[in-house]
Amino acid sequence: MAKHLLNVMNKEIVVDLDGIGQLDIAAITELINEKWENVQKQRRDVVDTQKIAALTTFYIAKELLELKGLQENISETYTRKINKLIKQIDETNVLN
């Protein structure tokens with residue numbers, strides 16, 4: 001396991017990551033920290049850092065679910081189109 005020391009949400013953490021490059025690790029860390037900072041700015045009424053971290057996690061998970069839903073919709077659309085095309089090809093072959 002490759003261990004990496006990261007600064008995430010103002011905390012130094014060590015994570016074991018295999019199969020992921022340094023650029024991806026940096027991008028993930030940057031994304032988390034940007035979300036963290038945005039939540040801190042938007043939710044000035046929340047001062048507890050654990051609550052800020054929980055809200056950050058929630059918002060990232062919400063975006064992930066939205067992307068998964070979008071991916072499923074795209075997949076379903078292409079599946080329908082492929083099935084329609086297969087049906088048209090089959091009908092053409094029957095006529096010939």
# chains A, B, ... in the order shown; residues from 1 in each chain; ligands from 1
$ select_by_dssp --residues "chain A" --states "strand (DSSP E)" --output "PyMOL selection string"
chain A and resi 3-8+11-16
$ write_last_selection --atoms "C-alpha atoms" --output "mmCIF file, in the first residue's frame"
data_model
loop_
_atom_site.group_PDB
_atom_site.id
_atom_site.type_symbol
_atom_site.label_atom_id
_atom_site.label_comp_id
_atom_site.auth_asym_id
_atom_site.auth_seq_id
_atom_site.Cartn_x
_atom_site.Cartn_y
_atom_site.Cartn_z
ATOM 1 C CA LYS A 3 0.818 5.818 2.047
ATOM 2 C CA HIS A 4 0.305 9.503 1.414
ATOM 3 C CA LEU A 5 0.321 12.386 3.867
ATOM 4 C CA LEU A 6 -2.408 14.846 2.877
ATOM 5 C CA ASN A 7 -3.764 18.089 4.265
ATOM 6 C CA VAL A 8 -7.537 17.702 4.041
ATOM 7 C CA LYS A 11 -6.099 18.166 9.106
ATOM 8 C CA GLU A 12 -3.053 16.143 8.208
ATOM 9 C CA ILE A 13 -4.100 12.612 7.383
ATOM 10 C CA VAL A 14 -2.315 9.551 6.114
ATOM 11 C CA VAL A 15 -4.184 7.507 3.530
ATOM 12 C CA ASP A 16 -3.323 4.213 1.866
#
$ residues_around --residues "range 54-62 of chain A" --least-positions-apart "4" --cutoff "9 Å" --atoms "only C-alpha atoms" --output "short mmCIF file (atom, residue, chain, number, x, y, z; two decimals) with N, CA and C atoms, in the first residue's frame"
data_model
loop_
_atom_site.label_atom_id
_atom_site.label_comp_id
_atom_site.auth_asym_id
_atom_site.auth_seq_id
_atom_site.Cartn_x
_atom_site.Cartn_y
_atom_site.Cartn_z
N ILE A 32 -11.88 18.37 -2.29
CA ILE A 32 -12.39 18.31 -0.92
C ILE A 32 -12.17 19.64 -0.21
N LYS A 35 -14.54 22.35 -1.48
CA LYS A 35 -15.89 22.16 -0.95
C LYS A 35 -15.94 22.59 0.52
N TRP A 36 -14.91 22.22 1.25
CA TRP A 36 -14.80 22.57 2.67
C TRP A 36 -14.86 24.09 2.85
N GLU A 37 -14.06 24.79 2.05
CA GLU A 37 -14.02 26.25 2.14
C GLU A 37 -15.37 26.86 1.74
N ASN A 38 -16.01 26.30 0.71
CA ASN A 38 -17.32 26.81 0.29
C ASN A 38 -18.36 26.63 1.38
N VAL A 39 -18.35 25.48 2.04
CA VAL A 39 -19.31 25.23 3.12
C VAL A 39 -19.05 26.20 4.26
N GLN A 40 -17.79 26.42 4.59
CA GLN A 40 -17.46 27.37 5.66
C GLN A 40 -17.99 28.77 5.35
N THR A 49 -16.20 22.37 13.53
CA THR A 49 -15.50 21.85 12.36
C THR A 49 -15.97 20.45 11.97
N GLN A 50 -16.40 19.67 12.95
CA GLN A 50 -16.92 18.34 12.60
C GLN A 50 -18.23 18.45 11.83
N GLU A 66 -25.99 12.67 -7.99
CA GLU A 66 -26.52 13.34 -9.17
C GLU A 66 -25.80 12.88 -10.42
N LEU A 67 -24.48 12.74 -10.35
CA LEU A 67 -23.70 12.27 -11.49
C LEU A 67 -24.03 10.82 -11.83
#
$ atom_distance --atom1 "CA of Glu34 in chain A" --atom2 "CA of Val46 in chain A"
17.1 Å
$ atom_distance --atom1 "CA of Glu30 in chain A" --atom2 "CA of Ala53 in chain A"
14.5 Å
$ atom_distance --atom1 "CA of Lys51 in chain A" --atom2 "CA of Ile25 in chain A"
24.1 Å
$ select_by_dssp --residues "chain A" --states "helix (DSSP H, G or I)" --output "ChimeraX atom specification"
/A:22-42,49-95
$ closest_residue --among "A:Tyr78, A:Asp45, A:Ile52, A:Gln22" --to "Asn10 in chain A" --atoms "only C-alpha atoms"
A:Ile52
